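Structure below is run.pdb: PDB, C-alpha atoms, pLDDT in the B column.
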ATOM      1  CA  MET U   1      65.793  65.878-312.588  1.00 71.00           C
ATOM      2  CA  SER U   2      65.005  64.788-316.128  1.00 73.00           C
ATOM      3  CA  LYS U   3      67.470  65.503-318.896  1.00 76.00           C
ATOM      4  CA  ASN U   4      68.126  64.121-322.363  1.00 81.00           C
ATOM      5  CA  VAL U   5      64.502  63.027-322.293  1.00 84.00           C
ATOM      6  CA  GLU U   6      64.474  62.271-326.028  1.00 83.00           C
ATOM      7  CA  LYS U   7      66.956  59.490-325.297  1.00 84.00           C
ATOM      8  CA  THR U   8      65.772  58.365-321.885  1.00 87.00           C
ATOM      9  CA  TRP U   9      61.967  58.294-322.154  1.00 91.00           C
ATOM     10  CA  ALA U  10      59.562  56.439-324.452  1.00 91.00           C
ATOM     11  CA  TYR U  11      55.848  55.748-324.646  1.00 93.00           C
ATOM     12  CA  TYR U  12      53.597  52.987-325.840  1.00 92.00           C
ATOM     13  CA  ILE U  13      49.974  53.591-326.848  1.00 92.00           C
ATOM     14  CA  SER U  14      47.581  51.175-325.193  1.00 89.00           C
ATOM     15  CA  GLY U  15      43.993  51.959-326.107  1.00 89.00           C
ATOM     16  CA  ARG U  16      42.970  55.255-324.495  1.00 91.00           C
ATOM     17  CA  ASN U  17      46.105  55.392-322.361  1.00 92.00           C
ATOM     18  CA  VAL U  18      49.777  55.883-322.985  1.00 93.00           C
ATOM     19  CA  HIS U  19      52.278  53.820-321.079  1.00 92.00           C
ATOM     20  CA  LEU U  20      55.217  55.978-320.132  1.00 92.00           C
ATOM     21  CA  TYR U  21      58.606  54.364-319.641  1.00 90.00           C
ATOM     22  CA  GLN U  22      62.103  55.445-318.884  1.00 88.00           C
ATOM     23  CA  LEU U  23      64.937  53.744-320.726  1.00 85.00           C
ATOM     24  CA  SER U  24      67.546  52.226-318.528  1.00 78.00           C
ATOM     25  CA  SER U  25      70.927  50.922-319.601  1.00 70.00           C
ATOM     26  CA  SER U  26      72.142  47.579-318.385  1.00 56.00           C
ATOM     27  CA  GLY U  27      74.228  47.709-315.254  1.00 47.00           C
ATOM     28  CA  ALA U  28      72.031  50.311-313.609  1.00 43.00           C
ATOM     29  CA  SER U  29      70.844  49.722-310.106  1.00 42.00           C
ATOM     30  CA  GLU U  30      67.238  48.843-311.038  1.00 45.00           C
ATOM     31  CA  SER U  31      65.764  45.685-309.702  1.00 46.00           C
ATOM     32  CA  ALA U  32      65.227  42.946-312.253  1.00 46.00           C
ATOM     33  CA  THR U  33      61.589  42.752-311.211  1.00 50.00           C
ATOM     34  CA  TYR U  34      60.597  45.891-313.054  1.00 52.00           C
ATOM     35  CA  GLN U  35      62.807  45.785-316.073  1.00 55.00           C
ATOM     36  CA  VAL U  36      61.189  45.128-319.424  1.00 58.00           C
ATOM     37  CA  ARG U  37      63.099  44.068-322.466  1.00 54.00           C
ATOM     38  CA  VAL U  38      61.526  44.688-325.864  1.00 56.00           C
ATOM     39  CA  PRO U  39      62.739  43.516-329.271  1.00 55.00           C
ATOM     40  CA  GLU U  40      63.237  46.951-330.838  1.00 62.00           C
ATOM     41  CA  PHE U  41      65.813  47.944-328.240  1.00 64.00           C
ATOM     42  CA  ASP U  42      69.186  46.330-327.851  1.00 63.00           C
ATOM     43  CA  ASN U  43      69.783  43.910-325.030  1.00 60.00           C
ATOM     44  CA  GLN U  44      71.446  46.587-322.959  1.00 64.00           C
ATOM     45  CA  THR U  45      68.346  48.782-322.850  1.00 73.00           C
ATOM     46  CA  LYS U  46      65.458  48.091-320.501  1.00 79.00           C
ATOM     47  CA  LEU U  47      62.237  49.910-319.790  1.00 83.00           C
ATOM     48  CA  ILE U  48      61.256  50.986-316.306  1.00 86.00           C
ATOM     49  CA  TYR U  49      58.304  52.889-314.871  1.00 89.00           C
ATOM     50  CA  PRO U  50      58.873  56.658-314.404  1.00 90.00           C
ATOM     51  CA  SER U  51      61.269  57.105-311.500  1.00 88.00           C
ATOM     52  CA  GLU U  52      60.418  60.719-310.681  1.00 89.00           C
ATOM     53  CA  SER U  53      57.450  63.044-310.410  1.00 91.00           C
ATOM     54  CA  ILE U  54      57.366  66.016-312.790  1.00 92.00           C
ATOM     55  CA  THR U  55      54.681  68.674-312.498  1.00 92.00           C
ATOM     56  CA  GLY U  56      53.112  69.138-315.916  1.00 92.00           C
ATOM     57  CA  GLY U  57      55.767  66.763-317.184  1.00 92.00           C
ATOM     58  CA  LEU U  58      53.812  64.937-319.893  1.00 94.00           C
ATOM     59  CA  MET U  59      52.532  66.864-322.902  1.00 95.00           C
ATOM     60  CA  PHE U  60      50.341  65.697-325.755  1.00 95.00           C
ATOM     61  CA  GLU U  61      50.162  67.546-329.040  1.00 95.00           C
ATOM     62  CA  GLY U  62      47.432  66.794-331.534  1.00 94.00           C
ATOM     63  CA  THR U  63      44.274  67.765-333.310  1.00 91.00           C
ATOM     64  CA  ALA U  64      41.111  68.141-331.307  1.00 88.00           C
ATOM     65  CA  PHE U  65      37.429  68.876-331.406  1.00 82.00           C
ATOM     66  CA  ILE U  66      37.872  72.440-330.136  1.00 81.00           C
ATOM     67  CA  ALA U  67      35.088  75.027-330.410  1.00 84.00           C
ATOM     68  CA  PRO U  68      33.487  73.617-333.596  1.00 86.00           C
ATOM     69  CA  PHE U  69      30.766  76.287-333.525  1.00 91.00           C
ATOM     70  CA  VAL U  70      31.203  79.971-332.696  1.00 91.00           C
ATOM     71  CA  ASP U  71      29.025  83.060-332.431  1.00 90.00           C
ATOM     72  CA  ILE U  72      30.469  85.189-335.256  1.00 89.00           C
ATOM     73  CA  GLU U  73      31.986  84.640-338.686  1.00 88.00           C
ATOM     74  CA  PRO U  74      35.560  83.413-338.059  1.00 88.00           C
ATOM     75  CA  ASN U  75      36.830  84.386-341.546  1.00 87.00           C
ATOM     76  CA  GLU U  76      36.329  88.128-341.274  1.00 85.00           C
ATOM     77  CA  LEU U  77      38.513  90.564-339.395  1.00 87.00           C
ATOM     78  CA  SER U  78      36.939  92.743-336.765  1.00 83.00           C
ATOM     79  CA  SER U  79      38.159  96.329-337.349  1.00 84.00           C
ATOM     80  CA  GLY U  80      41.390  94.944-338.753  1.00 86.00           C
ATOM     81  CA  ALA U  81      41.969  92.637-335.824  1.00 88.00           C
ATOM     82  CA  GLN U  82      41.384  88.936-335.353  1.00 87.00           C
ATOM     83  CA  PRO U  83      37.719  88.211-334.564  1.00 86.00           C
ATOM     84  CA  ASP U  84      36.938  87.543-330.912  1.00 86.00           C
ATOM     85  CA  LEU U  85      35.278  84.149-331.190  1.00 86.00           C
ATOM     86  CA  ILE U  86      33.109  82.744-328.446  1.00 88.00           C
ATOM     87  CA  GLU U  87      32.397  79.021-328.485  1.00 88.00           C
ATOM     88  CA  ILE U  88      28.764  77.930-328.593  1.00 88.00           C
ATOM     89  CA  GLU U  89      28.019  74.975-326.344  1.00 87.00           C
ATOM     90  CA  SER U  90      27.012  71.817-328.130  1.00 84.00           C
ATOM     91  CA  ALA U  91      23.471  71.896-326.717  1.00 86.00           C
ATOM     92  CA  LYS U  92      22.945  75.512-327.831  1.00 89.00           C
ATOM     93  CA  VAL U  93      24.069  75.157-331.446  1.00 90.00           C
ATOM     94  CA  ASN U  94      21.357  76.399-333.793  1.00 90.00           C
ATOM     95  CA  GLU U  95      20.858  77.604-337.359  1.00 91.00           C
ATOM     96  CA  SER U  96      22.627  80.919-336.749  1.00 91.00           C
ATOM     97  CA  SER U  97      25.795  79.284-335.373  1.00 92.00           C
ATOM     98  CA  HIS U  98      28.959  79.608-337.439  1.00 93.00           C
ATOM     99  CA  ILE U  99      31.334  76.764-338.268  1.00 92.00           C
ATOM    100  CA  ASN U 100      34.728  77.556-336.791  1.00 90.00           C
ATOM    101  CA  SER U 101      36.800  76.855-339.881  1.00 90.00           C
ATOM    102  CA  ASN U 102      37.987  78.616-342.984  1.00 90.00           C
ATOM    103  CA  ARG U 103      35.780  79.131-346.030  1.00 92.00           C
ATOM    104  CA  MET U 104      37.193  76.194-347.977  1.00 93.00           C
ATOM    105  CA  LEU U 105      36.615  73.761-345.122  1.00 93.00           C
ATOM    106  CA  SER U 106      33.103  75.146-344.654  1.00 94.00           C
ATOM    107  CA  LEU U 107      32.438  74.421-348.334  1.00 95.00           C
ATOM    108  CA  ALA U 108      33.840  70.935-347.745  1.00 95.00           C
ATOM    109  CA  CYS U 109      31.275  70.517-344.954  1.00 95.00           C
ATOM    110  CA  VAL U 110      28.557  71.416-347.468  1.00 96.00           C
ATOM    111  CA  ASP U 111      29.772  68.608-349.740  1.00 96.00           C
ATOM    112  CA  TYR U 112      29.832  66.229-346.799  1.00 96.00           C
ATOM    113  CA  VAL U 113      26.212  67.032-345.917  1.00 96.00           C
ATOM    114  CA  LYS U 114      25.218  66.618-349.585  1.00 96.00           C
ATOM    115  CA  GLY U 115      26.975  63.256-349.587  1.00 96.00           C
ATOM    116  CA  MET U 116      25.138  62.113-346.478  1.00 96.00           C
ATOM    117  CA  LEU U 117      21.813  63.217-347.952  1.00 95.00           C
ATOM    118  CA  ALA U 118      22.576  61.250-351.125  1.00 96.00           C
ATOM    119  CA  GLU U 119      23.451  58.199-349.052  1.00 95.00           C
ATOM    120  CA  ARG U 120      20.166  58.458-347.219  1.00 94.00           C
ATOM    121  CA  GLU U 121      18.380  58.483-350.567  1.00 93.00           C
ATOM    122  CA  GLY U 122      20.297  55.333-351.512  1.00 94.00           C
ATOM    123  CA  ASP U 123      22.282  57.019-354.279  1.00 94.00           C
ATOM    124  CA  ILE U 124      25.768  55.741-353.514  1.00 94.00           C
ATOM    125  CA  ASN U 125      27.316  57.047-356.743  1.00 95.00           C
ATOM    126  CA  LYS U 126      26.160  60.549-355.877  1.00 95.00           C
ATOM    127  CA  LYS U 127      27.459  60.129-352.344  1.00 95.00           C
ATOM    128  CA  GLU U 128      30.853  59.027-353.654  1.00 96.00           C
ATOM    129  CA  TYR U 129      30.955  62.073-355.933  1.00 96.00           C
ATOM    130  CA  PHE U 130      30.311  64.477-353.052  1.00 96.00           C
ATOM    131  CA  MET U 131      32.804  62.708-350.786  1.00 96.00           C
ATOM    132  CA  LYS U 132      35.388  63.072-353.543  1.00 96.00           C
ATOM    133  CA  GLU U 133      34.561  66.785-353.667  1.00 95.00           C
ATOM    134  CA  PHE U 134      34.830  66.899-349.872  1.00 95.00           C
ATOM    135  CA  PHE U 135      38.344  65.462-349.832  1.00 94.00           C
ATOM    136  CA  SER U 136      39.328  67.589-352.814  1.00 94.00           C
ATOM    137  CA  LYS U 137      38.458  70.721-350.855  1.00 93.00           C
ATOM    138  CA  LEU U 138      40.373  69.429-347.835  1.00 92.00           C
ATOM    139  CA  SER U 139      43.416  69.051-350.076  1.00 90.00           C
ATOM    140  CA  ASP U 140      42.923  72.535-351.507  1.00 90.00           C
ATOM    141  CA  SER U 141      42.687  74.005-348.027  1.00 89.00           C
ATOM    142  CA  GLU U 142      45.858  72.208-346.967  1.00 87.00           C
ATOM    143  CA  SER U 143      47.801  73.158-350.097  1.00 87.00           C
ATOM    144  CA  ASN U 144      46.831  76.804-349.565  1.00 86.00           C
ATOM    145  CA  LYS U 145      49.191  76.774-346.578  1.00 84.00           C
ATOM    146  CA  ARG U 146      52.146  75.615-348.635  1.00 81.00           C
ATOM    147  CA  ASN U 147      53.887  77.030-351.655  1.00 76.00           C
ATOM    148  CA  ASN U 148      56.197  74.384-353.073  1.00 73.00           C
ATOM    149  CA  VAL U 149      58.131  74.876-356.285  1.00 75.00           C
ATOM    150  CA  THR U 150      58.933  71.816-358.372  1.00 77.00           C
ATOM    151  CA  ILE U 151      61.774  72.133-360.902  1.00 81.00           C
ATOM    152  CA  GLN U 152      62.169  69.461-363.556  1.00 79.00           C
ATOM    153  CA  PRO U 153      65.066  69.312-366.042  1.00 80.00           C
ATOM    154  CA  VAL U 154      64.025  69.516-369.703  1.00 79.00           C
ATOM    155  CA  SER U 155      65.156  66.658-371.897  1.00 80.00           C
ATOM    156  CA  PRO U 156      67.455  67.789-374.778  1.00 78.00           C
ATOM    157  CA  TYR U 157      65.106  66.024-377.240  1.00 81.00           C
ATOM    158  CA  ALA U 158      61.899  67.436-375.799  1.00 76.00           C
ATOM    159  CA  LEU U 159      59.552  69.350-378.089  1.00 72.00           C
ATOM    160  CA  ARG U 160      59.538  73.033-377.219  1.00 63.00           C
TER     161      ARG U 160
ATOM    162  CA  MET D   1      29.358  79.945-342.782  1.00 92.00           C
ATOM    163  CA  THR D   2      26.253  79.345-340.699  1.00 92.00           C
ATOM    164  CA  ILE D   3      24.248  76.174-340.291  1.00 93.00           C
ATOM    165  CA  GLN D   4      21.404  78.033-341.996  1.00 94.00           C
ATOM    166  CA  GLU D   5      23.552  78.658-345.063  1.00 94.00           C
ATOM    167  CA  ILE D   6      24.566  74.995-345.241  1.00 94.00           C
ATOM    168  CA  MET D   7      20.905  73.972-345.046  1.00 94.00           C
ATOM    169  CA  GLU D   8      20.048  76.332-347.883  1.00 94.00           C
ATOM    170  CA  ARG D   9      22.933  75.126-350.034  1.00 94.00           C
ATOM    171  CA  THR D  10      21.993  71.480-349.493  1.00 94.00           C
ATOM    172  CA  GLY D  11      18.228  71.951-349.736  1.00 93.00           C
ATOM    173  CA  THR D  12      17.264  70.415-346.426  1.00 92.00           C
ATOM    174  CA  ASN D  13      15.459  71.738-343.365  1.00 91.00           C
ATOM    175  CA  GLU D  14      16.540  69.159-340.802  1.00 92.00           C
ATOM    176  CA  THR D  15      18.626  71.298-338.449  1.00 92.00           C
ATOM    177  CA  GLY D  16      19.584  68.616-335.939  1.00 93.00           C
ATOM    178  CA  LEU D  17      20.726  66.207-338.610  1.00 94.00           C
ATOM    179  CA  VAL D  18      22.766  68.859-340.425  1.00 94.00           C
ATOM    180  CA  ILE D  19      24.486  69.865-337.162  1.00 94.00           C
ATOM    181  CA  ALA D  20      25.329  66.210-336.485  1.00 94.00           C
ATOM    182  CA  TRP D  21      26.725  65.741-339.990  1.00 95.00           C
ATOM    183  CA  VAL D  22      28.758  68.941-339.754  1.00 94.00           C
ATOM    184  CA  LYS D  23      30.243  67.642-336.493  1.00 93.00           C
ATOM    185  CA  ASP D  24      31.109  64.403-338.286  1.00 93.00           C
ATOM    186  CA  ALA D  25      32.703  66.383-341.118  1.00 94.00           C
ATOM    187  CA  ILE D  26      34.782  68.470-338.692  1.00 93.00           C
ATOM    188  CA  HIS D  27      35.866  65.290-336.936  1.00 92.00           C
ATOM    189  CA  LEU D  28      36.914  63.796-340.265  1.00 93.00           C
ATOM    190  CA  ILE D  29      38.804  66.971-341.175  1.00 93.00           C
ATOM    191  CA  GLN D  30      40.668  66.936-337.855  1.00 91.00           C
ATOM    192  CA  SER D  31      41.411  63.271-338.315  1.00 91.00           C
ATOM    193  CA  THR D  32      42.822  63.817-341.810  1.00 89.00           C
ATOM    194  CA  TYR D  33      44.748  67.089-341.476  1.00 88.00           C
ATOM    195  CA  ASN D  34      46.351  69.024-338.663  1.00 88.00           C
ATOM    196  CA  GLU D  35      43.785  71.804-338.759  1.00 85.00           C
ATOM    197  CA  ASN D  36      43.111  72.708-335.143  1.00 86.00           C
ATOM    198  CA  VAL D  37      46.199  71.755-333.144  1.00 90.00           C
ATOM    199  CA  SER D  38      46.402  72.035-329.403  1.00 91.00           C
ATOM    200  CA  THR D  39      48.455  70.775-326.464  1.00 93.00           C
ATOM    201  CA  TRP D  40      47.536  69.195-323.161  1.00 95.00           C
ATOM    202  CA  SER D  41      49.833  68.591-320.225  1.00 94.00           C
ATOM    203  CA  THR D  42      49.529  66.414-317.175  1.00 94.00           C
ATOM    204  CA  ASN D  43      51.696  65.548-314.202  1.00 94.00           C
ATOM    205  CA  ILE D  44      54.077  62.604-314.241  1.00 93.00           C
ATOM    206  CA  THR D  45      53.921  60.601-311.037  1.00 92.00           C
ATOM    207  CA  ASP D  46      56.784  58.529-309.731  1.00 90.00           C
ATOM    208  CA  GLY D  47      56.083  54.832-310.317  1.00 88.00           C
ATOM    209  CA  THR D  48      52.974  55.415-312.444  1.00 90.00           C
ATOM    210  CA  ARG D  49      53.053  54.145-315.991  1.00 90.00           C
ATOM    211  CA  ASP D  50      49.508  54.752-317.296  1.00 92.00           C
ATOM    212  CA  TYR D  51      48.307  58.201-318.369  1.00 95.00           C
ATOM    213  CA  ALA D  52      44.966  58.874-320.051  1.00 94.00           C
ATOM    214  CA  ILE D  53      44.945  60.382-323.522  1.00 94.00           C
ATOM    215  CA  PRO D  54      42.951  63.672-323.415  1.00 92.00           C
ATOM    216  CA  ALA D  55      39.267  63.008-324.101  1.00 90.00           C
ATOM    217  CA  ASN D  56      38.889  65.542-326.920  1.00 88.00           C
ATOM    218  CA  LEU D  57      42.117  64.670-328.680  1.00 91.00           C
ATOM    219  CA  ILE D  58      41.489  63.235-332.150  1.00 91.00           C
ATOM    220  CA  LYS D  59      44.925  62.627-333.638  1.00 92.00           C
ATOM    221  CA  ILE D  60      48.149  62.389-331.638  1.00 93.00           C
ATOM    222  CA  MET D  61      50.951  64.315-333.309  1.00 93.00           C
ATOM    223  CA  SER D  62      53.539  63.977-330.575  1.00 94.00           C
ATOM    224  CA  VAL D  63      54.102  63.051-326.954  1.00 95.00           C
ATOM    225  CA  SER D  64      56.757  64.959-325.088  1.00 94.00           C
ATOM    226  CA  VAL D  65      58.290  65.018-321.633  1.00 94.00           C
ATOM    227  CA  LYS D  66      59.533  68.067-319.793  1.00 93.00           C
ATOM    228  CA  ASP D  67      63.302  68.309-319.663  1.00 90.00           C
ATOM    229  CA  THR D  68      63.599  69.938-316.247  1.00 89.00           C
ATOM    230  CA  ASP D  69      67.297  70.544-316.837  1.00 86.00           C
ATOM    231  CA  LYS D  70      66.529  72.880-319.773  1.00 87.00           C
ATOM    232  CA  ASP D  71      62.909  73.697-318.895  1.00 89.00           C
ATOM    233  CA  LYS D  72      61.714  72.538-322.309  1.00 91.00           C
ATOM    234  CA  TYR D  73      59.304  69.914-323.583  1.00 93.00           C
ATOM    235  CA  VAL D  74      61.077  67.457-325.855  1.00 93.00           C
ATOM    236  CA  ARG D  75      59.412  64.890-328.059  1.00 94.00           C
ATOM    237  CA  ILE D  76      59.995  61.291-326.968  1.00 93.00           C
ATOM    238  CA  ARG D  77      60.023  58.139-329.031  1.00 92.00           C
ATOM    239  CA  ARG D  78      57.115  55.770-329.470  1.00 91.00           C
ATOM    240  CA  ILE D  79      57.554  52.076-328.755  1.00 89.00           C
ATOM    241  CA  ALA D  80      56.062  50.167-331.654  1.00 86.00           C
ATOM    242  CA  GLN D  81      55.951  46.692-330.149  1.00 82.00           C
ATOM    243  CA  GLN D  82      54.138  45.814-326.984  1.00 80.00           C
ATOM    244  CA  PRO D  83      56.511  45.320-324.048  1.00 79.00           C
ATOM    245  CA  SER D  84      56.445  41.887-322.453  1.00 74.00           C
ATOM    246  CA  LEU D  85      55.549  43.242-319.008  1.00 72.00           C
ATOM    247  CA  ILE D  86      51.802  43.638-318.490  1.00 73.00           C
ATOM    248  CA  LYS D  87      51.899  45.155-315.011  1.00 75.00           C
ATOM    249  CA  ASP D  88      54.525  45.854-312.394  1.00 76.00           C
ATOM    250  CA  ASN D  89      53.195  45.642-308.854  1.00 76.00           C
ATOM    251  CA  SER D  90      56.353  46.997-307.234  1.00 74.00           C
ATOM    252  CA  PRO D  91      57.896  49.536-309.572  1.00 70.00           C
ATOM    253  CA  SER D  92      60.178  51.121-306.999  1.00 61.00           C
TER     254      SER D  92
END

The structure in this file should be written as structure tokens.
Amino acid sequence: MSKNVEKTWAYYISGRNVHLYQLSSSGASESATYQVRVPEFDNQTKLIYPSESITGGLMFEGTAFIAPFVDIEPNELSSGAQPDLIEIESAKVNESSHINSNRMLSLACVDYVKGMLAEREGDINKKEYFMKEFFSKLSDSESNKRNNVTIQPVSPYALR
Amino acid sequence: MTIQEIMERTGTNETGLVIAWVKDAIHLIQSTYNENVSTWSTNITDGTRDYAIPANLIKIMSVSVKDTDKDKYVRIRRIAQQPSLIKDNSPS
């Protein structure tokens, strides 16, 4: 049974794999042959291979290339409900396929394509301009999800 | 927005190339921001250290292990430095 996993498990990224370890305190019954000591842990902590099987025990969370193209416009509600998007297979993507992202990111994709076209023409300055626009739209899209308020004190000698 | 609309806005008629560039752009977006987040789970096997990172994962946000005591997935820490052990032939 695994418990306190945030304190007793750790991982190391090795290329396309993760190495999963359990942390073991000194004095445990593990054999010295499979104990690993690493500098970032104290001398009392050792790493061992997982000592139990857990069904569905390891979970990754991250961004992914999921359904990049869909059959209908993803930014419009369907009779007031979320649109029912169906992914288009990579080999079947054509001119009528929709990009599965919000409007701002779709506009960013337009800038990206313009940038690539400029690069193909050998106009690097133009490409840099469109890539700047691309990242600017990414920032706009991201900031649309947040609403931060910044309060700054006014200096007593400030012009008002 | 359709591929057709992108082609009209950019003034090109090369469909295949535009699709490829849009894929590149989406990849770059996913690599830069947490736009389309998902989770993948796999089994942990006793004595097995190596687990493949999901093929379509672009940016790892967290790795977690199931706390069977509480029936919850809890984020675990990442080891920054490479451990001295390369391979253990008799882990148990």

Do you know which residues the ChimeraX specification (/D :<7) & /U returns on this file, as JSON, numbers by chain?
-> {"U": [1, 2, 3, 4, 5, 6, 9, 10, 11, 12, 16, 17, 18, 19, 20, 21, 34, 36, 37, 38, 49, 50, 51, 52, 53, 54, 55, 56, 57, 58, 59, 60, 61, 62, 63, 64, 65, 73, 95, 96, 97, 98, 99, 106, 109, 110, 112, 113, 114]}

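Between CA of Ala67 (chain U) and CA of Glu89 (chain U) lies a distance of 8.2 Å.
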
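When the PyMOL selection byres ((chain U and resi 121-135) around 9) is run on the displayed coordinates, the residues it returns are U:Leu105, U:Leu107, U:Ala108, U:Cys109, U:Val110, U:Asp111, U:Tyr112, U:Val113, U:Lys114, U:Gly115, U:Met116, U:Leu117, U:Ala118, U:Glu119, U:Arg120, U:Ser136, U:Lys137, U:Leu138, U:Ser139, U:Asp140, D:Ile29.
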
Just give me the gap between CA of Ile13 (chain U) and CA of Ser90 (chain U) in Å, one decimal is fine.
-> 29.3 Å

Select all residues near (34.9, 83.9, -336.8) (cut-off 10 Å, inclusive, file coordinates), counting all atoms listed in the file, and output them as a VMD selection string.
-> (chain U and resid 69 to 78 82 to 87 98 to 102) or (chain D and resid 1)

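Interatomic distance, CA of Met104 (chain U) to CA of Ala91 (chain U): 25.7 Å.
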
If you take every atom of region 11-17 of chain D that the file lists and fit an axis-aligned box around them with 8 Å extra on each side, what centre and edge lengths come out in Å to one decimal, as lines of an AutoDock Vina configuration file?
center_x = 18.1
center_y = 69.1
center_z = -342.8
size_x = 21.3
size_y = 21.7
size_z = 29.8

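Among the candidate residues U:Pro156, U:Gly15, U:Thr45, U:Pro68, the one lying nearest to Ile88 (chain U) is U:Pro68, with distances computed using all atoms listed in the file.
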